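Here the structure comes first, spelled out in structure tokens, and everything after it is commentary.
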Amino acid sequence: MSEKPDHQRPEHAAFWDKRFAEGVTPWAASGVPQDLMRHAGTVSGTPRILIPGCGHAREAAWLAERDWDVTALDFSSAAVAVAARILAGSPVRLRHDDFFTFSETAPFDLVYERAFLCALPRKRWPDYARRMGELIVPGGALIGVFFHGDDPKGPPFGITPVALAELLAPWFTLEDARKVDDSLPVFAGREEWYVWRRRVS
Ligand SMILES: C[S@@+](CC[C@H](N)C(=O)[O-])C[C@H]1O[C@@H](n2cnc3c(N)ncnc32)[C@H](O)[C@@H]1O
């Protein structure tokens, strides 16, 4: 049997290009998740934060307005074009790059996750966890909204709370978990806000 074309395979930028170009983005929020706003209020200073698979990058703009040092990254050129319009005039560093291969010289204090892990085919999840472990400074954190579920079809590809804890355990300890109240319909009832602290040793 022949393999599906790239625009039907979410591990390829062409899959996401097609959806952004057609404006079919049911995952895209019009604002900033309330849990991110609440959490940002607990963080002192102006951390260096990465937002991988940033899509429209509205959170990036909001965090940069608070003087956080924000890098937003996406491998879809169509997503980056949309984000560039939203970020016009913002100091956010917007990169057209692949999360798994982009070169970075110094680690981040924080990485913000929303609808990124669930955009990746499950075979890529061990690489996701390893990369997060590499990119986040010891004592820093992986924060954000994770999508729960176990339906084999996706995206979104849900993860169970137990599988998420197992995936991240080599690098992170769980600091906070709470149900999300302001999910979009496509994620409703199945999202949780997490703070995963990067182990120091
Ligand atoms: C479901 S969308 C979520 C976008 C955004 N995080 C949001 O909450 O609206 C997934 C995004 O991840 C991007 N993406 C998927 N795999 C990627 C990779 N390996 N490197 C960078 N971006 C990736 C896609 O292009 C897409 O913009």
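Labels used: A, B, ... for chains in the order of the structure tokens, numbers from 1 for residues in each chain, and numbers from 1 for ligands as shown.
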Counting only C-alpha atoms, what is within 7 Å of region 59-70 of chain A, bar same-chain residues fewer than 6 positions away, as a compact mmCIF listing (two decimals) with N, CA and C atoms, in the first residue's frame?
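So part_3.txt came out as:
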# COMPACT_ATOMS: atom_id res chain seq x y z
N VAL A 32 -5.69 34.19 25.49
CA VAL A 32 -4.64 33.49 26.24
C VAL A 32 -5.30 32.62 27.30
N THR A 46 11.85 38.03 34.43
CA THR A 46 11.45 37.98 33.02
C THR A 46 12.13 36.78 32.37
N PRO A 47 11.54 35.60 32.56
CA PRO A 47 12.20 34.37 32.12
C PRO A 47 12.36 34.27 30.61
N ARG A 48 13.29 33.43 30.25
CA ARG A 48 13.52 33.10 28.84
C ARG A 48 12.63 31.89 28.53
N ILE A 49 11.67 32.08 27.62
CA ILE A 49 10.67 31.03 27.38
C ILE A 49 10.61 30.68 25.90
N LEU A 50 10.43 29.38 25.65
CA LEU A 50 10.24 28.86 24.29
C LEU A 50 8.79 28.41 24.14
N LEU A 87 2.16 39.08 15.57
CA LEU A 87 3.29 39.57 16.37
C LEU A 87 3.91 40.85 15.83
N SER A 90 6.00 43.26 17.92
CA SER A 90 6.34 42.61 19.18
C SER A 90 7.82 42.20 19.17
N PRO A 91 8.48 42.22 20.34
CA PRO A 91 9.89 41.78 20.38
C PRO A 91 10.07 40.26 20.37
N VAL A 92 9.00 39.49 20.24
CA VAL A 92 9.13 38.03 20.19
C VAL A 92 10.06 37.62 19.05
N ARG A 93 10.97 36.67 19.35
CA ARG A 93 11.79 36.07 18.28
C ARG A 93 10.96 34.95 17.64
Each residue of chain A lying at most 6 Å from ligand 1 should get a row with its shortest atom-to-atom pair and the distance in Å to one decimal, counting only C-alpha atoms and all ligand atoms; could you produce that, ordered by chain and increasing number, as a Markdown table?
| residue | atom | partner | partner_atom_place_in_ligand_line | distance |
| --- | --- | --- | --- | --- |
| A:Glu11 | CA | ligand 1 | 16 (N) | 5.9 |
| A:Ala13 | CA | ligand 1 | 25 (O) | 5.7 |
| A:Trp16 | CA | ligand 1 | 25 (O) | 4.8 |
| A:Trp27 | CA | ligand 1 | 9 (O) | 5.5 |
| A:Ala28 | CA | ligand 1 | 9 (O) | 4.1 |
| A:Pro52 | CA | ligand 1 | 21 (C) | 5.8 |
| A:Gly53 | CA | ligand 1 | 12 (O) | 3.4 |
| A:Cys54 | CA | ligand 1 | 6 (N) | 4.2 |
| A:Gly55 | CA | ligand 1 | 4 (C) | 3.8 |
| A:His56 | CA | ligand 1 | 9 (O) | 5.7 |
| A:Asp74 | CA | ligand 1 | 22 (N) | 3.7 |
| A:Phe75 | CA | ligand 1 | 21 (C) | 4.1 |
| A:Ser76 | CA | ligand 1 | 25 (O) | 4.4 |
| A:Ala79 | CA | ligand 1 | 27 (O) | 5.5 |
| A:Asp97 | CA | ligand 1 | 21 (C) | 5.9 |
| A:Asp98 | CA | ligand 1 | 20 (N) | 3.6 |
| A:Phe99 | CA | ligand 1 | 20 (N) | 3.9 |
| A:Phe100 | CA | ligand 1 | 19 (N) | 5.8 |
| A:Arg114 | CA | ligand 1 | 8 (O) | 4.6 |
| A:Ala115 | CA | ligand 1 | 3 (C) | 4.5 |
| A:Phe116 | CA | ligand 1 | 10 (C) | 4.9 |
| A:Ala119 | CA | ligand 1 | 10 (C) | 5.1 |
| A:Leu120 | CA | ligand 1 | 16 (N) | 6.0 |
Those selected residues, please, written with N, CA and C atoms and delivered as a PDB file, in the first residue's frame.
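Written file, result-v9.pdb:
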ATOM      1  N   GLU A  11       3.385  14.665  10.891  1.00  0.00           N
ATOM      2  CA  GLU A  11       4.817  14.856  11.152  1.00  0.00           C
ATOM      3  C   GLU A  11       5.464  15.738  10.092  1.00  0.00           C
ATOM      4  N   ALA A  13       5.390  19.369   7.796  1.00  0.00           N
ATOM      5  CA  ALA A  13       4.891  20.751   7.817  1.00  0.00           C
ATOM      6  C   ALA A  13       3.750  20.937   6.819  1.00  0.00           C
ATOM      7  N   TRP A  16       0.247  20.886   8.246  1.00  0.00           N
ATOM      8  CA  TRP A  16      -0.170  22.089   8.975  1.00  0.00           C
ATOM      9  C   TRP A  16      -0.282  23.275   8.031  1.00  0.00           C
ATOM     10  N   TRP A  27      -8.189  24.395  16.690  1.00  0.00           N
ATOM     11  CA  TRP A  27      -7.440  24.399  17.944  1.00  0.00           C
ATOM     12  C   TRP A  27      -7.037  25.812  18.369  1.00  0.00           C
ATOM     13  N   ALA A  28      -7.190  26.778  17.481  1.00  0.00           N
ATOM     14  CA  ALA A  28      -6.627  28.108  17.723  1.00  0.00           C
ATOM     15  C   ALA A  28      -7.541  28.937  18.621  1.00  0.00           C
ATOM     16  N   PRO A  52       7.131  26.119  21.463  1.00  0.00           N
ATOM     17  CA  PRO A  52       7.277  25.313  20.239  1.00  0.00           C
ATOM     18  C   PRO A  52       5.913  24.998  19.622  1.00  0.00           C
ATOM     19  N   GLY A  53       5.862  24.921  18.299  1.00  0.00           N
ATOM     20  CA  GLY A  53       4.586  24.686  17.627  1.00  0.00           C
ATOM     21  C   GLY A  53       3.627  25.808  17.973  1.00  0.00           C
ATOM     22  N   CYS A  54       4.100  27.037  17.812  1.00  0.00           N
ATOM     23  CA  CYS A  54       3.395  28.203  18.375  1.00  0.00           C
ATOM     24  C   CYS A  54       2.100  28.522  17.654  1.00  0.00           C
ATOM     25  N   GLY A  55       1.937  28.084  16.385  1.00  0.00           N
ATOM     26  CA  GLY A  55       0.722  28.439  15.653  1.00  0.00           C
ATOM     27  C   GLY A  55       0.549  29.943  15.599  1.00  0.00           C
ATOM     28  N   HIS A  56      -0.643  30.416  15.978  1.00  0.00           N
ATOM     29  CA  HIS A  56      -0.939  31.854  15.905  1.00  0.00           C
ATOM     30  C   HIS A  56      -0.082  32.688  16.860  1.00  0.00           C
ATOM     31  N   ASP A  74       7.807  27.531  14.880  1.00  0.00           N
ATOM     32  CA  ASP A  74       6.892  26.621  14.194  1.00  0.00           C
ATOM     33  C   ASP A  74       7.540  26.174  12.879  1.00  0.00           C
ATOM     34  N   PHE A  75       7.295  24.915  12.493  1.00  0.00           N
ATOM     35  CA  PHE A  75       7.922  24.440  11.247  1.00  0.00           C
ATOM     36  C   PHE A  75       7.027  24.630  10.024  1.00  0.00           C
ATOM     37  N   SER A  76       5.804  25.148  10.228  1.00  0.00           N
ATOM     38  CA  SER A  76       4.896  25.409   9.112  1.00  0.00           C
ATOM     39  C   SER A  76       5.072  26.859   8.657  1.00  0.00           C
ATOM     40  N   ALA A  79       1.888  28.776   9.183  1.00  0.00           N
ATOM     41  CA  ALA A  79       1.675  29.173  10.583  1.00  0.00           C
ATOM     42  C   ALA A  79       2.547  30.377  10.922  1.00  0.00           C
ATOM     43  N   ASP A  97      11.217  26.932  12.152  1.00  0.00           N
ATOM     44  CA  ASP A  97      12.183  25.870  12.407  1.00  0.00           C
ATOM     45  C   ASP A  97      11.484  24.651  12.989  1.00  0.00           C
ATOM     46  N   ASP A  98      12.220  23.547  12.991  1.00  0.00           N
ATOM     47  CA  ASP A  98      11.694  22.283  13.524  1.00  0.00           C
ATOM     48  C   ASP A  98      12.144  22.131  14.978  1.00  0.00           C
ATOM     49  N   PHE A  99      11.191  21.873  15.851  1.00  0.00           N
ATOM     50  CA  PHE A  99      11.478  21.710  17.282  1.00  0.00           C
ATOM     51  C   PHE A  99      12.576  20.679  17.527  1.00  0.00           C
ATOM     52  N   PHE A 100      12.584  19.618  16.731  1.00  0.00           N
ATOM     53  CA  PHE A 100      13.503  18.516  17.015  1.00  0.00           C
ATOM     54  C   PHE A 100      14.930  18.783  16.564  1.00  0.00           C
ATOM     55  N   ARG A 114       1.085  24.024  24.411  1.00  0.00           N
ATOM     56  CA  ARG A 114      -0.380  23.916  24.208  1.00  0.00           C
ATOM     57  C   ARG A 114      -0.606  23.338  22.824  1.00  0.00           C
ATOM     58  N   ALA A 115      -1.297  22.209  22.785  1.00  0.00           N
ATOM     59  CA  ALA A 115      -1.674  21.561  21.528  1.00  0.00           C
ATOM     60  C   ALA A 115      -0.466  21.283  20.643  1.00  0.00           C
ATOM     61  N   PHE A 116       0.687  21.029  21.279  1.00  0.00           N
ATOM     62  CA  PHE A 116       1.878  20.670  20.516  1.00  0.00           C
ATOM     63  C   PHE A 116       2.154  19.167  20.644  1.00  0.00           C
ATOM     64  N   ALA A 119      -0.173  17.251  18.717  1.00  0.00           N
ATOM     65  CA  ALA A 119      -0.041  17.398  17.261  1.00  0.00           C
ATOM     66  C   ALA A 119       0.970  16.414  16.686  1.00  0.00           C
ATOM     67  N   LEU A 120       1.745  15.786  17.576  1.00  0.00           N
ATOM     68  CA  LEU A 120       2.827  14.897  17.131  1.00  0.00           C
ATOM     69  C   LEU A 120       2.362  13.448  17.129  1.00  0.00           C
TER      70      LEU A 120
END
**Prompt:** When distances are computed from only C-alpha atoms, which of A:Asp127, A:Glu113, A:Glu134, A:Asp182 shows the smallest separation from Trp196 (chain A)?
**Reply:**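 Ranking A:Asp127, A:Glu113, A:Glu134, A:Asp182 by distance to Trp196 (chain A), first place goes to A:Glu113.
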Select from region 96-158 of chain A every residue with an atom at most 12 Å from any atom of region 173-178 of chain A, then for each give the shortest pair of atoms and their distance in Å to one decimal, using only C-alpha atoms, rows by chain and rising number, as CSV.
residue,atom,partner,partner_atom,distance
A:Gly133,CA,A:Thr173,CA,11.4
A:Pro138,CA,A:Thr173,CA,11.3
A:Gly139,CA,A:Thr173,CA,10.2
A:Gly140,CA,A:Thr173,CA,10.9
A:Ala141,CA,A:Thr173,CA,9.3
A:Leu142,CA,A:Leu174,CA,9.7
A:Ile143,CA,A:Asp176,CA,9.2
A:Gly144,CA,A:Ala177,CA,9.7
A:Val145,CA,A:Arg178,CA,9.5
A:Phe146,CA,A:Ala177,CA,10.0
**Request:** Go ahead and compute the interatomic distance for CA of Glu191 (chain A) and CA of Gly158 (chain A), in Å to one decimal.
**Result:** 9.4 Å
**Request:** Work out how far apart CA of Val195 (chain A) and CA of Ala29 (chain A) are and give it in Å to one decimal.
**Result:**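 CA of Val195 (chain A) sits 20.5 Å away from CA of Ala29 (chain A).
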**Message:** List the spatial neighbours of Ala163 (chain A) as a ChimeraX atom specification - criterion: any atom at most 10 Å away, only C-alpha atoms, same-chain residues fewer than 4 positions off excluded.
**Reply:** /A:148,150,159,167-169
**Item:** Top pick for closest residue to Ile86 (chain A), considering A:Leu117, A:Val24, A:Ala57, A:Val180 and counting only C-alpha atoms
**Value:**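 Checking each of A:Leu117, A:Val24, A:Ala57, A:Val180 against Ile86 (chain A), counting only C-alpha atoms, the winner is A:Ala57.
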**Request:** Quick one: pull the distance between CA of Phe108 (chain A) and CA of Arg131 (chain A), Å, one decimal.
**Result:**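 One can read the CA of Phe108 (chain A) to CA of Arg131 (chain A) distance as 11.7 Å.
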**Request:** Could you pull out the residues in region 68-183 of chain A that DSSP calls helix (DSSP H, G or I) from the backbone, as a PyMOL selection string?
**Result:** chain A and resi 77-86+117-119+122-135+161-168
Given the selection you just returned, output its residues as a file containing C-alpha atoms, formatted as a compact mmCIF listing (two decimals), in the first residue's frame.
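Saved the output as selection06.txt:
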# COMPACT_ATOMS: atom_id res chain seq x y z
CA SER A 77 5.60 28.41 6.90
CA ALA A 78 1.86 29.16 6.76
CA ALA A 79 1.68 29.17 10.58
CA VAL A 80 4.70 31.46 10.79
CA ALA A 81 3.11 33.84 8.29
CA VAL A 82 -0.04 34.06 10.44
CA ALA A 83 2.02 34.47 13.62
CA ALA A 84 4.13 37.21 12.01
CA ARG A 85 0.97 39.26 11.42
CA ILE A 86 -0.19 38.79 15.02
CA LEU A 117 2.45 17.20 22.01
CA CYS A 118 -1.01 16.19 20.76
CA ALA A 119 -0.04 17.40 17.26
CA ARG A 122 2.91 9.11 19.22
CA LYS A 123 6.13 7.60 17.85
CA ARG A 124 7.71 11.07 18.31
CA TRP A 125 6.79 11.44 21.97
CA PRO A 126 10.01 9.96 23.43
CA ASP A 127 11.97 12.48 21.29
CA TYR A 128 9.70 15.28 22.57
CA ALA A 129 10.46 14.38 26.19
CA ARG A 130 14.22 14.11 25.56
CA ARG A 131 14.29 17.41 23.70
CA MET A 132 12.36 19.16 26.50
CA GLY A 133 14.86 17.76 28.97
CA GLU A 134 17.73 19.19 26.90
CA LEU A 135 16.15 22.59 26.26
CA PRO A 161 -2.14 11.22 32.77
CA VAL A 162 -0.22 8.04 33.64
CA ALA A 163 1.51 7.88 30.24
CA LEU A 164 2.41 11.58 30.48
CA ALA A 165 3.99 11.09 33.90
CA GLU A 166 5.97 8.10 32.60
CA LEU A 167 7.09 10.00 29.50
CA LEU A 168 8.44 12.97 31.45
**Message:** Could you check the closest approach to Ser183 (chain A) for each of A:Lys4, A:His12, A:Pro33, A:Asp151 and tell me which residue wins, using only C-alpha atoms?
**Reply:**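 Of A:Lys4, A:His12, A:Pro33, A:Asp151, the one nearest Ser183 (chain A), counting only C-alpha atoms, is A:Pro33.
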**Asked** Per DSSP on the backbone, what are the strand (DSSP E or B) residues of chain A, as a PyMOL selection string?
**Response** chain A and resi 48-52+69-74+93-96+108-114+136-147+172-179+191-198
Could you save those same residues with C-alpha atoms as a short mmCIF file (atom, residue, chain, number, x, y, z; two decimals), in the first residue's frame?
data_model
loop_
_atom_site.label_atom_id
_atom_site.label_comp_id
_atom_site.auth_asym_id
_atom_site.auth_seq_id
_atom_site.Cartn_x
_atom_site.Cartn_y
_atom_site.Cartn_z
CA ARG A 48 13.52 33.10 28.84
CA ILE A 49 10.67 31.03 27.38
CA LEU A 50 10.24 28.86 24.29
CA ILE A 51 6.85 28.23 22.65
CA PRO A 52 7.28 25.31 20.24
CA ASP A 69 12.12 36.94 26.70
CA VAL A 70 10.04 34.94 24.22
CA THR A 71 11.05 32.65 21.36
CA ALA A 72 8.14 31.25 19.32
CA LEU A 73 8.85 28.52 16.83
CA ASP A 74 6.89 26.62 14.19
CA ARG A 93 11.79 36.07 18.28
CA LEU A 94 9.71 34.16 15.72
CA ARG A 95 11.53 31.22 14.15
CA HIS A 96 10.56 29.07 11.21
CA PHE A 108 15.37 28.04 28.41
CA ASP A 109 13.97 28.77 31.87
CA LEU A 110 10.53 27.71 30.66
CA VAL A 111 8.87 25.97 27.75
CA TYR A 112 5.14 26.53 27.19
CA GLU A 113 3.09 23.69 25.73
CA ARG A 114 -0.38 23.92 24.21
CA ILE A 136 15.06 23.45 29.81
CA VAL A 137 17.59 24.56 32.39
CA PRO A 138 17.74 22.43 35.59
CA GLY A 139 15.25 24.02 38.00
CA GLY A 140 13.26 25.46 35.07
CA ALA A 141 9.89 24.11 34.02
CA LEU A 142 7.73 22.73 31.25
CA ILE A 143 4.38 24.47 31.73
CA GLY A 144 1.13 24.39 29.84
CA VAL A 145 -1.99 22.62 28.74
CA PHE A 146 -1.91 18.92 27.81
CA PHE A 147 -4.68 17.03 26.01
CA PHE A 172 10.81 16.26 35.28
CA THR A 173 8.88 16.09 38.54
CA LEU A 174 5.22 17.05 38.76
CA GLU A 175 4.63 20.30 40.64
CA ASP A 176 1.06 21.23 39.71
CA ALA A 177 -1.88 19.74 37.80
CA ARG A 178 -5.39 21.16 37.49
CA LYS A 179 -8.40 20.78 35.21
CA GLU A 191 -7.37 19.32 29.03
CA GLU A 192 -5.21 19.74 32.12
CA TRP A 193 -2.79 22.48 33.12
CA TYR A 194 0.59 21.17 34.34
CA VAL A 195 3.82 22.45 35.76
CA TRP A 196 6.65 19.93 35.32
CA ARG A 197 9.83 21.00 37.13
CA ARG A 198 13.12 20.12 35.40
#
